[in-house]
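These notes concern the structure reproduced below.
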Amino acid sequence: KKNMAVEPQLSRLDADLLTTNLHYAASYWEEHASNFKVMFTDLLDSETTEKLTQNAATNTLTFNHKIGWIDADYNMEKIFVAYGKCTEIAKTDKTFISSFADAFFEILIAQKPFLDPKVNSVKRNREDPKNSEELVNLKKIFKSERCDTTNLDTFAKTLLEEEFVKSEVLENFYPQLLLYFMRFLCVYDKSLEGHLVSDFMKKMKTDHEEDPKIKSDKLMQEMGAHILQSFGKKEFWETRYAQLKPEKGTSTYDWYLDWNSGISKIFKDHVAPYQKFKEGKGPQPSVLHIGCGNSKISEDLYNEGVTKTVGVDFCSSVIDFMNSWKDFKNLKDLHFEHMDCRGLRFDSGRFDIVLDKGCLDCIVCTPAPLKESQQFLEMMFCEVARVLAPGGYFVMASVALDHKKMDRFLHVTERFPWELVAQRVAKKNTQFPIIITVYRRKEI
């Protein structure tokens with residue numbers, strides 16, 4: 001039979017060399033950029049693009065965390081969200097990934113005269129990997145006065161939005177993009193095997209050697225073991241919050257959602273005590289925010305006229321900070337108390353609304369056997385049900401559990417005196433959807 005294979009027309013990728021020799025990385029993109037762009041434009045459907053971008057994000061986030069060369073909070077709070085948004089954009093705009101890569105590699109290409117082409121391979125320092133030469137060099141490039149990031153800034157601002165801070169982006173976001181785009185280039189090279197897209201169209205469409213989703217799922221599990229488990233440790237949060245200062249502009253931070261990106265609409269549409277108050281048909285509701293951290297939600301509620309808000313957290317450092325912060329902001333009526341949501345020191349029926357925005361997820365991440373974690377969740381739900389007044393509302397934002405899962409594992413509607421009011425997907429531009437569930441305490 002006639003051999004249908006086409007002779008390779010382009011050089012093959014050396015993935016190790018791509019990250020150990022930046023001169024090679026720039027040269028490889030110069031040779032392959034056009035073909036890579038055609039692959040994304042002509043070959044990939046939205047489903048395949050989504051899988052590839054999720055896979056690239058998961059690999060990169062995991063590497064960043066393991067090596068520790070990128071600030072851990074920035075990696076999980078900002079890069080994580082940016083890559084989620086990148087996935088959403090790429091599903092509808094086939095040119096986005098290739099244009100984004102172009103903006104990144106044009107910086108390396110401009111630096112080629114200053115890069116050594118003779119360095120064939122730099123072995124990563126296994127004992128101190130974050131200080132390996134290739135990673136240090138990447139950061140040096142973006143801190144160089146010769147580095148013009150104008151085009152790349154456009155993409156970063158799209159993905160990071162109000163979180164775009166140039167100094168942070170140069171230090172943490174731009175250097176790790178080489179690893180992100182390397183994931184796409186590896187798939188590109190393996191699929192095309194050096195051929196032009198025009199010669200390889202049929203083969204690419206029918207030959208799926210590996211489903212990126214399988215690899216992505218495995219890495220998500222690994223991230224759960226290495227990253228998410230930290231969120232259940234009190235010492236992690238104490239360390240995180242110890243450096244906060246109320247006078248700094250970035251002193252507050254809202255996980256998952258802030259007032260304007262989802263919580264406000266839920267309150268207006270589904271939380272009766274808040275609705276009646278805003279319509280002038282009921283008294284001001286009392287609100288308890290469990291696991292409040294350094295969230296700004298209490299100030300947002302205060303500005304809406306709801307001044308009877310109490311925030312609790314099991315980290316004493318963040319409660320000390322929030323009490324200083326409220327004085328700094330002159331929000332005298334707000335209260336913050338050092339308290340664990342599994343053992344609340346409040347009278348029964350004290351609150352009209354209880355809000356949880358990630359506290360449940362931290363309990364799920366507790367480094368304990370599954371049965372013990374389940375007991376912790378039951379303790380939390382028991383306390384929430386106890387401190388809620390009859391007819392009160394429990395609003396919960398989570399990526400770990402929705403109503404169906406909670407009913408299956410904890411039998412929440414059977415064991416606790418509340419009923420489901422609403423459930424909404426509040427945010428879709430991240431790797432994990434954020435689910436807001438609203439319960440109403442029955443008037444027994």
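FYI, nothing fancy with the structure tokens labels: chains A, B, ... in order, residues from 1 per chain, ligands from 1 as they appear.
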Q) Could you pull out all residues of region 89-177 of chain A with a DSSP call of alpha helix (DSSP H) and give them as an MDAnalysis selection string? A) chainID A and resid 89:92 96:111 133:143 150:160 166:168 177
Show me, as CSV, the residues of region 239-264 of chain A having an atom within 8 Å of region 289-302 of chain A, each with the closest atom pair and its distance in Å, using only C-alpha atoms.
```
residue,atom,partner,partner_atom,distance
A:Ser251,CA,A:Asn294,CA,7.4
A:Thr252,CA,A:Asn294,CA,5.0
A:Tyr253,CA,A:Ser295,CA,5.2
A:Asp254,CA,A:Ser295,CA,4.8
A:Trp255,CA,A:Ser295,CA,7.6
A:Asp258,CA,A:Ile297,CA,6.7
A:Trp259,CA,A:Ile297,CA,6.0
```
Write the residues of the preceding selection, restricted to N, CA, C and O atoms, as a PDB file, in the first residue's frame.
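What follows is the written file result_37.pdb:
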```pdb
ATOM      1  N   SER A 251      -6.179  45.649  51.542  1.00  0.00           N
ATOM      2  CA  SER A 251      -6.291  44.979  52.839  1.00  0.00           C
ATOM      3  C   SER A 251      -7.463  44.020  52.921  1.00  0.00           C
ATOM      4  O   SER A 251      -7.459  43.108  53.727  1.00  0.00           O
ATOM      5  N   THR A 252      -8.507  44.211  52.118  1.00  0.00           N
ATOM      6  CA  THR A 252      -9.642  43.288  52.115  1.00  0.00           C
ATOM      7  C   THR A 252      -9.615  42.454  50.840  1.00  0.00           C
ATOM      8  O   THR A 252      -9.108  42.880  49.806  1.00  0.00           O
ATOM      9  N   TYR A 253     -10.155  41.249  50.957  1.00  0.00           N
ATOM     10  CA  TYR A 253     -10.200  40.367  49.794  1.00  0.00           C
ATOM     11  C   TYR A 253     -11.405  39.435  49.927  1.00  0.00           C
ATOM     12  O   TYR A 253     -11.643  38.878  50.995  1.00  0.00           O
ATOM     13  N   ASP A 254     -12.142  39.277  48.833  1.00  0.00           N
ATOM     14  CA  ASP A 254     -13.308  38.394  48.829  1.00  0.00           C
ATOM     15  C   ASP A 254     -13.052  37.167  47.986  1.00  0.00           C
ATOM     16  O   ASP A 254     -12.838  37.265  46.773  1.00  0.00           O
ATOM     17  N   TRP A 255     -13.064  36.006  48.615  1.00  0.00           N
ATOM     18  CA  TRP A 255     -12.946  34.745  47.893  1.00  0.00           C
ATOM     19  C   TRP A 255     -14.233  34.487  47.108  1.00  0.00           C
ATOM     20  O   TRP A 255     -15.335  34.831  47.553  1.00  0.00           O
ATOM     21  N   ASP A 258     -17.694  38.734  45.331  1.00  0.00           N
ATOM     22  CA  ASP A 258     -17.912  39.871  46.205  1.00  0.00           C
ATOM     23  C   ASP A 258     -19.383  40.290  46.121  1.00  0.00           C
ATOM     24  O   ASP A 258     -20.201  39.626  45.474  1.00  0.00           O
ATOM     25  N   TRP A 259     -19.740  41.380  46.762  1.00  0.00           N
ATOM     26  CA  TRP A 259     -21.135  41.813  46.807  1.00  0.00           C
ATOM     27  C   TRP A 259     -21.692  42.050  45.406  1.00  0.00           C
ATOM     28  O   TRP A 259     -22.799  41.621  45.075  1.00  0.00           O
TER      29      TRP A 259
END
```
(Q) Residues near His32 (chain A), anyone? I mean within 9 Å using only C-alpha atoms, not counting same-chain ones fewer than 4 positions away, as a ChimeraX atom specification. (A) /A:10-11,27-28,36-37
Can I get the selection written as a PDB file, in the first residue's frame, with all heavy atoms?
```pdb
ATOM      1  N   LEU A  10       8.827  20.601   9.324  1.00  0.00           N
ATOM      2  CA  LEU A  10       9.204  21.524  10.381  1.00  0.00           C
ATOM      3  C   LEU A  10       9.991  20.768  11.448  1.00  0.00           C
ATOM      4  O   LEU A  10       9.836  19.555  11.609  1.00  0.00           O
ATOM      5  CB  LEU A  10       7.960  22.158  11.009  1.00  0.00           C
ATOM      6  CG  LEU A  10       7.081  23.011  10.091  1.00  0.00           C
ATOM      7  CD1 LEU A  10       5.775  23.350  10.791  1.00  0.00           C
ATOM      8  CD2 LEU A  10       7.797  24.287   9.686  1.00  0.00           C
ATOM      9  N   SER A  11      10.804  21.473  12.196  1.00  0.00           N
ATOM     10  CA  SER A  11      11.584  20.831  13.260  1.00  0.00           C
ATOM     11  C   SER A  11      10.652  20.338  14.360  1.00  0.00           C
ATOM     12  O   SER A  11       9.580  20.897  14.586  1.00  0.00           O
ATOM     13  CB  SER A  11      12.599  21.815  13.844  1.00  0.00           C
ATOM     14  OG  SER A  11      11.922  22.896  14.488  1.00  0.00           O
ATOM     15  N   SER A  27      13.367  30.895  18.996  1.00  0.00           N
ATOM     16  CA  SER A  27      13.565  30.421  17.621  1.00  0.00           C
ATOM     17  C   SER A  27      12.469  29.421  17.220  1.00  0.00           C
ATOM     18  O   SER A  27      12.004  29.440  16.070  1.00  0.00           O
ATOM     19  CB  SER A  27      14.947  29.761  17.487  1.00  0.00           C
ATOM     20  OG  SER A  27      15.972  30.687  17.777  1.00  0.00           O
ATOM     21  N   TYR A  28      12.090  28.555  18.153  1.00  0.00           N
ATOM     22  CA  TYR A  28      11.053  27.573  17.844  1.00  0.00           C
ATOM     23  C   TYR A  28       9.742  28.275  17.495  1.00  0.00           C
ATOM     24  O   TYR A  28       9.054  27.909  16.532  1.00  0.00           O
ATOM     25  CB  TYR A  28      10.851  26.625  19.031  1.00  0.00           C
ATOM     26  CG  TYR A  28       9.825  25.549  18.750  1.00  0.00           C
ATOM     27  CD1 TYR A  28      10.186  24.365  18.126  1.00  0.00           C
ATOM     28  CD2 TYR A  28       8.482  25.730  19.091  1.00  0.00           C
ATOM     29  CE1 TYR A  28       9.248  23.376  17.842  1.00  0.00           C
ATOM     30  CE2 TYR A  28       7.533  24.758  18.815  1.00  0.00           C
ATOM     31  CZ  TYR A  28       7.919  23.582  18.180  1.00  0.00           C
ATOM     32  OH  TYR A  28       6.973  22.625  17.895  1.00  0.00           O
ATOM     33  N   PHE A  36       1.099  26.869  14.068  1.00  0.00           N
ATOM     34  CA  PHE A  36       0.372  26.757  15.332  1.00  0.00           C
ATOM     35  C   PHE A  36      -0.949  27.524  15.263  1.00  0.00           C
ATOM     36  O   PHE A  36      -1.999  27.026  15.703  1.00  0.00           O
ATOM     37  CB  PHE A  36       1.247  27.302  16.468  1.00  0.00           C
ATOM     38  CG  PHE A  36       0.629  27.217  17.834  1.00  0.00           C
ATOM     39  CD1 PHE A  36       0.755  26.075  18.592  1.00  0.00           C
ATOM     40  CD2 PHE A  36      -0.073  28.290  18.366  1.00  0.00           C
ATOM     41  CE1 PHE A  36       0.206  25.992  19.865  1.00  0.00           C
ATOM     42  CE2 PHE A  36      -0.638  28.220  19.629  1.00  0.00           C
ATOM     43  CZ  PHE A  36      -0.500  27.060  20.382  1.00  0.00           C
ATOM     44  N   LYS A  37      -0.910  28.701  14.690  1.00  0.00           N
ATOM     45  CA  LYS A  37      -2.122  29.519  14.577  1.00  0.00           C
ATOM     46  C   LYS A  37      -3.168  28.834  13.697  1.00  0.00           C
ATOM     47  O   LYS A  37      -4.365  28.847  14.005  1.00  0.00           O
ATOM     48  CB  LYS A  37      -1.781  30.890  14.006  1.00  0.00           C
ATOM     49  CG  LYS A  37      -0.936  31.751  14.929  1.00  0.00           C
ATOM     50  CD  LYS A  37      -0.475  33.023  14.237  1.00  0.00           C
ATOM     51  CE  LYS A  37       0.499  33.792  15.111  1.00  0.00           C
ATOM     52  NZ  LYS A  37       1.036  34.995  14.428  1.00  0.00           N
TER      53      LYS A  37
END
```
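Counting from CA of Val187 (chain A), the distance to CA of Trp29 (chain A) is 14.3 Å.
For the pair CA of Phe409 (chain A) and CA of Gln374 (chain A), the interatomic distance is 8.3 Å.
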